[in-house]
$ cat start29.tsv   # TSV, C-alpha atoms
chain	number	residue	atom	x	y	z
A	363	THR	CA	0.00	0.00	0.00
A	364	LEU	CA	3.01	2.31	0.04
A	365	PRO	CA	2.98	4.93	-2.70
A	366	LEU	CA	5.84	4.24	-5.10
A	367	LEU	CA	7.49	6.81	-7.33
A	368	ALA	CA	7.60	6.07	-11.02
A	369	PRO	CA	11.15	5.53	-12.40
A	370	GLY	CA	11.47	9.06	-13.74
A	371	GLU	CA	10.26	10.59	-10.48
A	372	ALA	CA	12.57	8.35	-8.44
A	373	ARG	CA	15.59	9.32	-10.53
A	374	GLY	CA	14.66	12.98	-10.27
A	375	TYR	CA	14.33	12.73	-6.50
A	376	GLY	CA	17.68	10.98	-6.26
A	377	HIS	CA	19.31	13.62	-8.43
A	378	GLU	CA	17.91	16.40	-6.25
A	379	VAL	CA	19.03	14.80	-2.99
A	380	ARG	CA	22.53	14.02	-4.28
A	381	GLY	CA	22.92	17.56	-5.56
A	382	ARG	CA	22.07	18.98	-2.16
A	383	VAL	CA	24.47	16.58	-0.47
A	384	MET	CA	27.29	17.58	-2.83
A	385	ASP	CA	26.59	21.25	-2.07
A	386	LEU	CA	26.78	20.46	1.64
A	387	LEU	CA	30.02	18.52	1.27
A	388	GLU	CA	31.68	21.51	-0.37
A	389	LYS	CA	31.06	23.56	2.79
A	390	THR	CA	31.62	20.87	5.42
A	391	ARG	CA	34.74	20.86	7.59
A	392	PHE	CA	35.74	17.36	8.64
A	393	ASN	CA	36.82	18.17	12.16
A	394	GLY	CA	35.44	19.26	15.47
A	395	THR	CA	33.29	16.25	16.34
A	396	LYS	CA	33.81	12.50	16.29
A	397	LEU	CA	31.04	12.08	13.72
A	398	THR	CA	32.55	14.53	11.24
A	399	ASP	CA	36.21	13.75	11.90
A	400	GLY	CA	37.60	12.27	8.71
A	401	GLY	CA	34.14	12.46	7.18
A	402	PHE	CA	32.99	9.41	9.14
A	403	ALA	CA	29.27	10.25	9.08
A	404	PHE	CA	29.37	10.62	5.30
A	405	GLY	CA	31.41	7.45	4.94
A	406	MET	CA	28.97	5.49	7.10
A	407	ILE	CA	26.05	6.75	5.02
A	408	ALA	CA	27.84	5.89	1.77
A	409	GLN	CA	28.51	2.36	3.01
A	410	HIS	CA	24.95	1.93	4.23
A	411	GLU	CA	23.52	3.09	0.91
A	412	GLN	CA	25.74	0.65	-0.97
A	413	GLN	CA	24.65	-2.19	1.30
A	414	HIS	CA	21.05	-1.42	0.34
A	415	ASP	CA	22.12	-1.37	-3.30
A	416	GLU	CA	23.49	-4.89	-2.86
A	417	THR	CA	20.18	-5.93	-1.28
A	418	MET	CA	18.33	-4.54	-4.28
A	419	LEU	CA	20.56	-6.63	-6.55
A	420	ALA	CA	19.59	-9.69	-4.51
A	421	THR	CA	15.95	-8.71	-5.09
A	422	HIS	CA	16.62	-8.72	-8.84
A	423	GLN	CA	17.97	-12.25	-8.46
A	424	LEU	CA	14.78	-13.28	-6.61
A	425	ARG	CA	12.31	-11.71	-9.04
A	426	VAL	CA	10.62	-13.63	-11.83
A	427	GLY	CA	10.07	-12.46	-15.36
A	428	PRO	CA	12.25	-11.58	-18.32
A	429	PRO	CA	15.88	-10.54	-17.67
A	430	VAL	CA	16.43	-6.81	-17.20
A	431	LEU	CA	20.09	-6.75	-16.13
A	432	SER	CA	23.24	-7.50	-18.10
A	433	ALA	CA	26.96	-7.05	-17.66
A	434	PRO	CA	30.14	-8.25	-19.36
A	435	PRO	CA	31.56	-11.54	-18.07
A	436	PRO	CA	34.54	-11.53	-15.71
A	437	PRO	CA	37.98	-11.84	-17.30
A	438	PRO	CA	39.12	-15.42	-18.01
A	439	ALA	CA	41.03	-17.26	-15.34
A	440	PRO	CA	44.83	-16.96	-15.58
A	441	ALA	CA	46.81	-19.79	-17.10
A	442	ASP	CA	48.12	-20.95	-13.72
A	443	ALA	CA	44.64	-21.40	-12.22
A	444	VAL	CA	44.44	-25.11	-13.12
A	445	ALA	CA	47.81	-25.80	-11.44
A	446	LEU	CA	47.14	-24.02	-8.15
A	447	PRO	CA	47.50	-26.10	-5.00
A	448	ALA	CA	44.20	-27.08	-3.44
A	449	GLU	CA	45.12	-25.36	-0.19
A	450	VAL	CA	47.61	-22.93	1.30
A	451	PHE	CA	49.34	-23.12	4.66
A	452	VAL	CA	48.98	-20.28	7.16
A	453	PRO	CA	51.59	-20.44	9.95
A	454	GLY	CA	50.45	-20.16	13.53
A	455	GLY	CA	51.15	-17.18	15.74
A	456	PRO	CA	49.75	-13.81	16.71
A	457	PHE	CA	48.39	-11.17	14.33
A	458	THR	CA	46.46	-7.93	14.67
A	459	MET	CA	42.76	-8.44	13.99
A	460	GLY	CA	40.33	-5.59	13.42
A	461	THR	CA	41.31	-1.94	13.19
A	462	SER	CA	41.66	1.21	15.22
A	463	THR	CA	42.88	3.35	12.32
A	464	GLU	CA	40.61	2.67	9.32
A	465	PRO	CA	38.73	6.01	9.15
A	466	TRP	CA	35.38	4.61	8.00
A	467	ALA	CA	35.47	1.30	9.89
A	468	LEU	CA	32.23	0.49	11.67
A	469	ASP	CA	32.05	-0.19	15.38
A	470	ASN	CA	32.02	-3.98	15.02
A	471	GLU	CA	35.41	-3.84	13.24
A	472	ARG	CA	36.97	-2.09	16.24
A	473	PRO	CA	39.22	-2.07	18.16
A	474	ALA	CA	42.39	-3.66	16.81
A	475	HIS	CA	43.47	-6.51	19.03
A	476	VAL	CA	46.03	-9.31	18.92
A	477	VAL	CA	44.79	-12.85	18.29
A	478	ASP	CA	47.00	-15.95	18.44
A	479	VAL	CA	45.88	-18.31	15.68
A	480	PRO	CA	47.15	-21.91	15.54
A	481	PRO	CA	48.55	-23.11	12.18
A	482	PHE	CA	45.99	-24.20	9.62
A	483	TYR	CA	45.37	-24.91	5.96
A	484	LEU	CA	42.87	-22.95	3.88
A	485	ASP	CA	41.41	-23.60	0.44
A	486	THR	CA	43.32	-21.57	-2.16
A	487	THR	CA	40.03	-20.55	-3.79
A	488	PRO	CA	36.35	-20.67	-2.88
A	489	VAL	CA	34.60	-24.01	-3.29
A	490	THR	CA	33.45	-24.44	-6.90
A	491	ASN	CA	30.18	-25.55	-8.48
A	492	ALA	CA	31.79	-28.82	-9.59
A	493	ALA	CA	33.04	-29.62	-6.09
A	494	TYR	CA	29.67	-28.81	-4.59
A	495	ALA	CA	27.87	-30.88	-7.23
A	496	ALA	CA	30.00	-33.86	-6.15
A	497	PHE	CA	28.65	-33.40	-2.62
A	498	ILE	CA	25.10	-33.53	-4.00
A	499	THR	CA	25.83	-36.59	-6.17
A	500	ASP	CA	27.28	-38.42	-3.16
A	501	GLY	CA	24.02	-37.95	-1.28
A	502	GLY	CA	25.20	-35.09	0.89
A	503	TYR	CA	21.72	-33.69	1.27
A	504	ASP	CA	20.36	-37.07	2.37
A	505	ASP	CA	22.93	-38.00	5.00
A	506	PRO	CA	22.43	-36.49	8.47
A	507	ARG	CA	26.04	-37.34	9.39
A	508	TRP	CA	27.21	-34.17	7.66
A	509	TRP	CA	24.71	-31.76	9.18
A	510	THR	CA	24.37	-30.14	12.56
A	511	ALA	CA	21.14	-31.01	14.37
A	512	ASP	CA	19.67	-27.61	13.56
A	513	GLY	CA	20.95	-27.81	10.01
A	514	TRP	CA	19.43	-31.23	9.39
A	515	ALA	CA	16.09	-30.11	10.82
A	516	HIS	CA	16.14	-27.07	8.54
A	517	ARG	CA	17.23	-29.12	5.52
A	518	GLN	CA	14.21	-31.41	6.03
A	519	ARG	CA	11.77	-28.63	6.85
A	520	ALA	CA	12.80	-26.47	3.88
A	521	GLY	CA	13.24	-29.40	1.49
A	522	LEU	CA	16.78	-28.36	0.53
A	523	GLU	CA	18.27	-30.41	-2.30
A	524	ALA	CA	20.75	-28.04	-3.97
A	525	PRO	CA	21.85	-24.39	-3.80
A	526	LEU	CA	19.11	-21.83	-4.30
A	527	PHE	CA	18.44	-21.13	-8.00
A	528	TRP	CA	19.83	-24.53	-9.07
A	529	ARG	CA	17.55	-26.99	-10.83
A	530	TRP	CA	18.10	-30.37	-12.47
A	531	GLU	CA	17.41	-30.59	-16.21
A	532	GLY	CA	19.54	-33.61	-17.07
A	533	GLU	CA	22.37	-31.44	-15.74
A	534	TRP	CA	22.55	-28.76	-13.10
A	535	VAL	CA	21.29	-25.41	-14.31
A	536	ARG	CA	21.48	-22.13	-12.40
A	537	VAL	CA	19.14	-19.18	-12.90
A	538	SER	CA	21.11	-15.93	-12.75
A	539	PHE	CA	19.10	-12.71	-12.99
A	540	GLY	CA	16.45	-14.41	-15.07
A	541	VAL	CA	18.80	-16.38	-17.36
A	542	ALA	CA	19.02	-20.17	-16.93
A	543	LEU	CA	22.31	-21.74	-18.03
A	544	PRO	CA	24.27	-24.87	-17.09
A	545	ILE	CA	26.48	-24.30	-14.08
A	546	ILE	CA	30.07	-23.38	-14.84
A	547	PRO	CA	32.13	-26.11	-13.13
A	548	ASN	CA	35.05	-23.94	-11.98
A	549	GLU	CA	32.99	-20.96	-10.88
A	550	PRO	CA	32.58	-20.47	-7.10
A	551	VAL	CA	29.30	-21.86	-5.80
A	552	LEU	CA	26.73	-19.24	-4.84
A	553	HIS	CA	23.52	-19.02	-2.80
A	554	VAL	CA	24.26	-21.62	-0.16
A	555	SER	CA	23.29	-21.23	3.48
A	556	TRP	CA	25.68	-21.60	6.39
A	557	TYR	CA	24.11	-24.99	7.11
A	558	GLU	CA	24.88	-26.18	3.58
A	559	ALA	CA	28.43	-24.81	3.66
A	560	ASP	CA	29.07	-26.48	7.01
A	561	ALA	CA	27.66	-29.81	5.80
A	562	TYR	CA	29.83	-29.73	2.67
A	563	ALA	CA	32.92	-29.03	4.78
A	564	ARG	CA	32.18	-31.99	7.05
A	565	TRP	CA	31.56	-34.24	4.04
A	566	ALA	CA	34.94	-33.17	2.63
A	567	GLY	CA	36.66	-34.02	5.93
A	568	ARG	CA	37.29	-30.37	6.63
A	569	ARG	CA	35.58	-27.44	8.36
A	570	LEU	CA	34.69	-23.82	7.83
A	571	PRO	CA	37.45	-21.40	8.88
A	572	THR	CA	36.99	-19.27	11.93
A	573	GLU	CA	36.63	-15.56	11.42
A	574	ALA	CA	40.10	-15.00	12.89
A	575	GLU	CA	41.62	-17.61	10.55
A	576	TRP	CA	39.99	-15.99	7.55
A	577	GLU	CA	41.26	-12.53	8.48
A	578	LYS	CA	44.77	-13.74	9.21
A	579	ALA	CA	44.95	-15.50	5.84
A	580	ALA	CA	43.68	-12.35	4.14
A	581	ARG	CA	45.61	-9.62	5.95
A	582	HIS	CA	48.69	-10.86	7.77
A	583	ASP	CA	52.02	-10.17	6.10
A	584	PRO	CA	54.56	-12.60	7.63
A	585	VAL	CA	57.50	-10.56	6.28
A	586	THR	CA	56.61	-7.31	8.04
A	587	GLY	CA	54.41	-8.81	10.75
A	588	ARG	CA	51.68	-6.24	10.14
A	589	SER	CA	48.09	-6.55	9.04
A	590	MET	CA	47.30	-4.94	5.68
A	591	ARG	CA	44.03	-3.33	4.65
A	592	TYR	CA	43.55	-5.87	1.86
A	593	PRO	CA	45.18	-9.15	0.81
A	594	TRP	CA	47.24	-7.32	-1.84
A	595	GLY	CA	48.27	-4.36	0.29
A	596	ASP	CA	46.82	-1.05	1.41
A	597	PHE	CA	45.44	0.43	-1.81
A	598	ASP	CA	41.73	0.33	-2.63
A	599	PRO	CA	40.36	-2.42	-4.91
A	600	THR	CA	40.93	-2.05	-8.66
A	601	PRO	CA	39.66	-4.25	-11.51
A	602	GLU	CA	43.06	-5.96	-11.59
A	603	VAL	CA	42.88	-7.33	-8.04
A	604	ALA	CA	39.23	-8.09	-7.21
A	605	ASN	CA	35.76	-8.61	-8.62
A	606	VAL	CA	33.64	-6.05	-6.78
A	607	GLY	CA	31.31	-3.20	-7.65
A	608	GLN	CA	28.75	-5.16	-9.76
A	609	ARG	CA	30.93	-4.89	-12.86
A	610	HIS	CA	30.25	-8.48	-13.92
A	611	LEU	CA	27.17	-9.67	-11.97
A	612	ARG	CA	28.72	-13.08	-11.32
A	613	PRO	CA	31.82	-14.55	-9.65
A	614	ALA	CA	35.04	-14.88	-11.61
A	615	LEU	CA	36.40	-18.38	-12.18
A	616	ALA	CA	38.29	-19.98	-9.31
A	617	GLY	CA	41.93	-18.94	-9.32
A	618	SER	CA	41.33	-15.53	-10.88
A	619	TYR	CA	42.99	-12.27	-9.85
A	620	PRO	CA	46.53	-13.44	-9.01
A	621	ALA	CA	47.48	-9.78	-8.47
A	622	GLY	CA	45.02	-9.74	-5.58
A	623	ALA	CA	46.40	-12.84	-3.84
A	624	ALA	CA	47.19	-12.68	-0.15
A	625	PRO	CA	50.70	-13.36	1.24
A	626	SER	CA	49.30	-16.77	2.24
A	627	GLY	CA	48.75	-17.51	-1.46
A	628	ALA	CA	44.95	-17.65	-1.18
A	629	ARG	CA	43.08	-15.96	-4.01
A	630	GLN	CA	39.74	-14.14	-4.25
A	631	LEU	CA	39.50	-13.44	-0.54
A	632	ILE	CA	38.01	-10.07	-1.47
A	633	GLY	CA	35.15	-10.04	-3.96
A	634	ASP	CA	33.39	-12.76	-5.98
A	635	VAL	CA	31.43	-14.37	-3.11
A	636	TRP	CA	30.79	-13.60	0.54
A	637	GLU	CA	32.40	-16.40	2.53
A	638	TRP	CA	30.72	-18.07	5.48
A	639	THR	CA	32.91	-18.61	8.54
A	640	SER	CA	32.28	-20.87	11.50
A	641	SER	CA	32.12	-17.92	13.90
A	642	ASP	CA	29.16	-16.35	15.64
A	643	PHE	CA	28.80	-12.59	15.31
A	644	LEU	CA	30.28	-11.32	18.58
A	645	PRO	CA	31.96	-8.10	19.77
A	646	TYR	CA	35.71	-7.73	19.83
A	647	PRO	CA	37.44	-7.21	23.20
A	648	GLY	CA	37.02	-3.55	24.11
A	649	PHE	CA	34.05	-3.03	21.78
A	650	VAL	CA	32.19	0.25	22.17
A	651	ALA	CA	28.87	0.77	20.37
A	652	TRP	CA	29.02	3.84	18.14
A	653	PRO	CA	27.29	5.91	16.93
A	654	TYR	CA	24.25	3.90	18.05
A	655	ARG	CA	23.67	0.48	19.59
A	656	GLU	CA	21.29	-0.69	16.88
A	657	TYR	CA	23.94	-0.81	14.18
A	658	SER	CA	25.83	-3.84	15.57
A	659	GLU	CA	25.30	-4.51	19.25
A	660	VAL	CA	21.71	-5.74	19.06
A	661	PHE	CA	22.78	-8.41	16.54
A	662	PHE	CA	25.57	-9.94	18.64
A	663	GLY	CA	24.92	-13.54	19.57
A	664	PRO	CA	24.93	-17.15	18.35
A	665	GLU	CA	21.93	-16.72	16.04
A	666	TYR	CA	24.04	-14.90	13.45
A	667	LYS	CA	27.06	-16.25	11.56
A	668	VAL	CA	29.86	-14.07	10.18
A	669	LEU	CA	30.59	-13.73	6.46
A	670	ARG	CA	33.78	-12.17	5.17
A	671	GLY	CA	35.36	-10.80	2.02
A	672	GLY	CA	32.52	-9.28	0.05
A	673	ALA	CA	31.16	-10.43	-3.31
A	674	PHE	CA	30.88	-9.19	-6.88
A	675	SER	CA	27.74	-7.43	-5.63
A	676	VAL	CA	29.41	-5.25	-3.02
A	677	SER	CA	30.79	-1.75	-3.49
A	678	PRO	CA	34.48	-1.18	-2.78
A	679	VAL	CA	33.45	1.44	-0.21
A	680	ALA	CA	31.81	-1.31	1.87
A	681	CYS	CA	34.45	-3.98	1.42
A	682	ARG	CA	37.83	-4.34	3.15
A	683	GLY	CA	39.88	-6.89	5.06
A	684	THR	CA	38.28	-5.98	8.38
A	685	PHE	CA	34.69	-5.65	7.18
A	686	ARG	CA	32.26	-8.00	8.95
A	687	ASN	CA	28.95	-9.13	7.48
A	688	TRP	CA	26.51	-11.29	9.38
A	689	ASP	CA	23.33	-13.20	8.67
A	690	TYR	CA	21.14	-16.07	9.79
A	691	PRO	CA	22.52	-19.54	8.99
A	692	VAL	CA	19.42	-20.30	6.88
A	693	ARG	CA	19.96	-17.34	4.52
A	694	ARG	CA	20.49	-18.29	0.86
A	695	GLN	CA	19.45	-15.37	-1.36
A	696	ILE	CA	22.57	-13.42	-0.45
A	697	PHE	CA	25.60	-13.77	-2.73
A	698	ALA	CA	27.35	-16.20	-0.39
A	699	GLY	CA	29.75	-19.06	-0.96
A	700	PHE	CA	32.58	-20.39	1.20
A	701	ARG	CA	35.97	-22.05	1.40
A	702	THR	CA	37.07	-24.75	3.82
A	703	ALA	CA	39.96	-25.20	6.23
A	704	ARG	CA	41.69	-27.80	8.34
A	705	SER	CA	43.95	-27.58	11.36
A	706	GLY	CA	47.56	-28.70	11.35
A	707	ALA	CA	51.23	-27.85	11.14
A	708	LEU	CA	53.13	-27.57	7.86
A	709	GLU	CA	53.49	-30.96	6.18
A	710	THR	CA	56.80	-31.79	4.51
A	711	ALA	CA	57.57	-34.50	2.01
$ encode --input "start29.tsv" --output "structure tokens"
Amino acid sequence: TLPLLAPGEARGYGHEVRGRVMDLLEKTRFNGTKLTDGGFAFGMIAQHEQQHDETMLATHQLRVGPPVLSAPPPPPAPADAVALPAEVFVPGGPFTMGTSTEPWALDNERPAHVVDVPPFYLDTTPVTNAAYAAFITDGGYDDPRWWTADGWAHRQRAGLEAPLFWRWEGEWVRVSFGVALPIIPNEPVLHVSWYEADAYARWAGRRLPTEAEWEKAARHDPVTGRSMRYPWGDFDPTPEVANVGQRHLRPALAGSYPAGAAPSGARQLIGDVWEWTSSDFLPYPGFVAWPYREYSEVFFGPEYKVLRGGAFSVSPVACRGTFRNWDYPVRRQIFAGFRTARSGALETA
């Protein structure tokens, strides 16, 4: 029953509002208060708007009817993608998690604190469609051994048989923004819930990484001992290092963006797909709610799981190595995938 503006009116309204904001920005001095220092209030609003833009893209994925969106495909995978090791080793030891210096970091990313992470192995790339299809073929959705009790109850109640938007037509087909095509085997799997990701990891004899493991693999530079803003360094994402900003409207093939690889050797930790972790969404030690409790604090608890890294759908302004996303473990319409991990010291031949 809400009155909706027609497209022309909506664009005109947006143009008017943006013009007024730009006029205000020309006169604003970014000092004097905590909210305006470094332009934080404007940065928070920009990030929040882009998060809603990502939600609207998810709504396009959910809608029925003829396709209305198009974009060029991602660049082809590099030649070395087929020869990449299945996993990378991340040495144990302390690293600095979170941030106290990122000017537009939200309260749940703060403060920076040292976390000692035991050694572990992490998938070099996100889990692919082909790997996930093998889980389905092996009866993964029919075997309660691989599911948590809550996950198995949800799988039965919701009738889950494959990722959302997949359907069987003699082969697996995925509907992407209204277009149905066979799944691309070496493309990261999309639209799986935390329960599905966790079940796959158990079936594969592995587990989901913790949030701290994910961030250490993505940010820790063992040469300097410091935590970088992004896997590739401190500069903002560019088309050469990550698939973000809705340029392609789908993940790039597994192993893409070698220039964006982390020191650990893992690729595509930023962009392509949000990655489920095993961790609940909880405050960091020393957390202070700011500028209001309802942004993060009211969501802390075991009912939400943390996702990291951003996806092709996320704006660079709302995507960095410390950025924390969270959602219910049943959620599937978001642009989420995952990679798996296992504990252990470095293995030598």
$ closest_residue --input "start29.tsv" --among "A:Ile696, A:Val676, A:Ala368, A:Ala495" --to "Asp415 in chain A" --atoms "all atoms listed in the file"
A:Val676
$ residues_around --input "start29.tsv" --residues "range 487-492 of chain A" --least-positions-apart "2" --cutoff "6 Å" --atoms "only C-alpha atoms" --output "PyMOL selection string"
chain A and resi 485+494-495+547-551+616+629+700-701
$ write_last_selection --input "start29.tsv" --atoms "C-alpha atoms" --output "short mmCIF file (atom, residue, chain, number, x, y, z; two decimals), in the coordinates of the input"
data_model
loop_
_atom_site.label_atom_id
_atom_site.label_comp_id
_atom_site.auth_asym_id
_atom_site.auth_seq_id
_atom_site.Cartn_x
_atom_site.Cartn_y
_atom_site.Cartn_z
CA ASP A 485 41.41 -23.60 0.44
CA TYR A 494 29.67 -28.81 -4.59
CA ALA A 495 27.87 -30.88 -7.23
CA PRO A 547 32.13 -26.11 -13.13
CA ASN A 548 35.05 -23.94 -11.98
CA GLU A 549 32.99 -20.96 -10.88
CA PRO A 550 32.58 -20.47 -7.10
CA VAL A 551 29.30 -21.86 -5.80
CA ALA A 616 38.29 -19.98 -9.31
CA ARG A 629 43.08 -15.96 -4.01
CA PHE A 700 32.58 -20.39 1.20
CA ARG A 701 35.97 -22.05 1.40
#
$ closest_residue --input "start29.tsv" --among "A:Val541, A:Ala698, A:Ala707, A:Leu644" --to "Leu431 in chain A" --atoms "all atoms listed in the file"
A:Val541
$ closest_residue --input "start29.tsv" --among "A:Gly502, A:Gly405, A:Pro435, A:Pro428" --to "Ala559 in chain A" --atoms "all atoms listed in the file"
A:Gly502
$ closest_residue --input "start29.tsv" --among "A:Gly401, A:Phe643, A:Ala542, A:Glu531" --to "Gln423 in chain A" --atoms "all atoms listed in the file"
A:Ala542
$ atom_distance --input "start29.tsv" --atom1 "CA of Phe451 in chain A" --atom2 "CA of Tyr557 in chain A"
25.4 Å
$ atom_distance --input "start29.tsv" --atom1 "CA of Ser626 in chain A" --atom2 "CA of Arg568 in chain A"
18.7 Å
$ residues_around --input "start29.tsv" --residues "Asp504 in chain A" --least-positions-apart "2" --cutoff "10 Å" --atoms "all atoms listed in the file" --output "list of chain:residue names"
A:Ile498, A:Asp500, A:Gly501, A:Gly502, A:Pro506, A:Arg507, A:Trp508, A:Trp509, A:Trp514, A:Arg517, A:Gln518, A:Leu522, A:Glu523
